[in-house]
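Inspection log for the structure reproduced underneath, given as structure tokens.
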Amino acid sequence: KWASGPIDGNLEMAIPYNFQTADSVRGKKKELIYQGRQEDTLRFRYREYINDIVRPAYDQTVEYNIGVDDMVTFRGMKIQIMDANNQEISYRIISGTVDL
């Protein structure tokens, strides 16, 4: 497939790209997975993949205590926790990028 656009600040020439679904990524994929809440502690799991193979050195579980502060910072991204229970989480990205 090719992406193209007019010469008005968008693309000046076609750029090749391949469409991939999230469960079948060629190259690098990163995930930050919410695993639930126990009292004031939120648990997340971070994983990186290369060509659908998890990178063991980049597979970690992190926990945050939101009893005092509703902000979570992970790899430079600051996330405000709006609401969280053991099943779901509502959040707002305050700063940083989603490039974990």
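Letters A, B, ... mark the chains of the structure tokens in the order given; residue numbers begin at 1 per chain; ligand numbers begin at 1, in order shown.
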Q: Within 12 Å of Thr73 of chain A, counting only C-alpha atoms, which residues show up once you throw out same-chain ones fewer than 5 positions away? Write them as a list in words, please.
A: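 Returned residues: Phe44, Val62, Glu63, Tyr64, Asn65, Ile66, Lys78, Ile79, Gln80, Ile81, Arg92, Ile93, Ile94, Ser95, Gly96, Thr97, Val98 and Leu100 of chain A.
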What's the 12 Å shell around segment 37-42 of chain A, counting only C-alpha atoms, without same-chain residues fewer than 4 positions away, as a short mmCIF file (atom, residue, chain, number, x, y, z; two decimals) with C-alpha atoms, in the first residue's frame?
data_model
loop_
_atom_site.label_atom_id
_atom_site.label_comp_id
_atom_site.auth_asym_id
_atom_site.auth_seq_id
_atom_site.Cartn_x
_atom_site.Cartn_y
_atom_site.Cartn_z
CA ILE A 33 -1.40 -3.65 30.54
CA THR A 61 5.40 -5.78 36.51
CA VAL A 62 5.13 -2.36 38.18
CA GLU A 63 2.97 -1.22 41.08
CA TYR A 64 1.87 2.28 42.09
CA ASN A 65 0.30 3.46 45.34
CA ILE A 66 -2.35 6.05 44.51
CA GLY A 67 -3.40 6.61 48.12
CA VAL A 68 -1.52 9.93 48.29
CA ASP A 69 -1.18 10.95 44.63
CA ASP A 70 -3.34 10.06 41.63
CA MET A 71 -0.40 10.42 39.20
CA VAL A 72 1.51 7.51 37.70
CA ILE A 81 -5.76 8.11 37.29
CA ASP A 83 -10.97 6.05 38.51
CA ALA A 84 -9.82 2.45 38.92
CA ASN A 85 -11.28 -0.75 40.23
CA ASN A 86 -10.10 -4.32 39.84
CA GLN A 87 -11.63 -4.62 36.34
CA GLU A 88 -11.33 -1.19 34.68
CA ILE A 89 -9.30 2.00 34.74
#
Q.
Counting only C-alpha atoms, which residue out of A:Arg43, A:Tyr49, A:Ser90, A:Ala14 sits closest to Gly27 of chain A?
A.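 Closest candidate: A:Tyr49.
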Q: Tell me, in Å to one decimal, how far atom CA of Asn51 of chain A is from atom CA of Lys29 of chain A.
A: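 About the pair atom CA of Asn51 of chain A and atom CA of Lys29 of chain A: they are 8.0 Å apart.
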Q) By how many Å are atom CA of Glu31 of chain A and atom CA of Pro16 of chain A apart? A)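 We find that atom CA of Glu31 of chain A and atom CA of Pro16 of chain A lie 25.2 Å from each other.
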Q: Between atom CA of Phe74 of chain A and atom CA of Gln35 of chain A, measure the distance and give it in Å to one decimal.
A: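 A separation of 15.1 Å between them.
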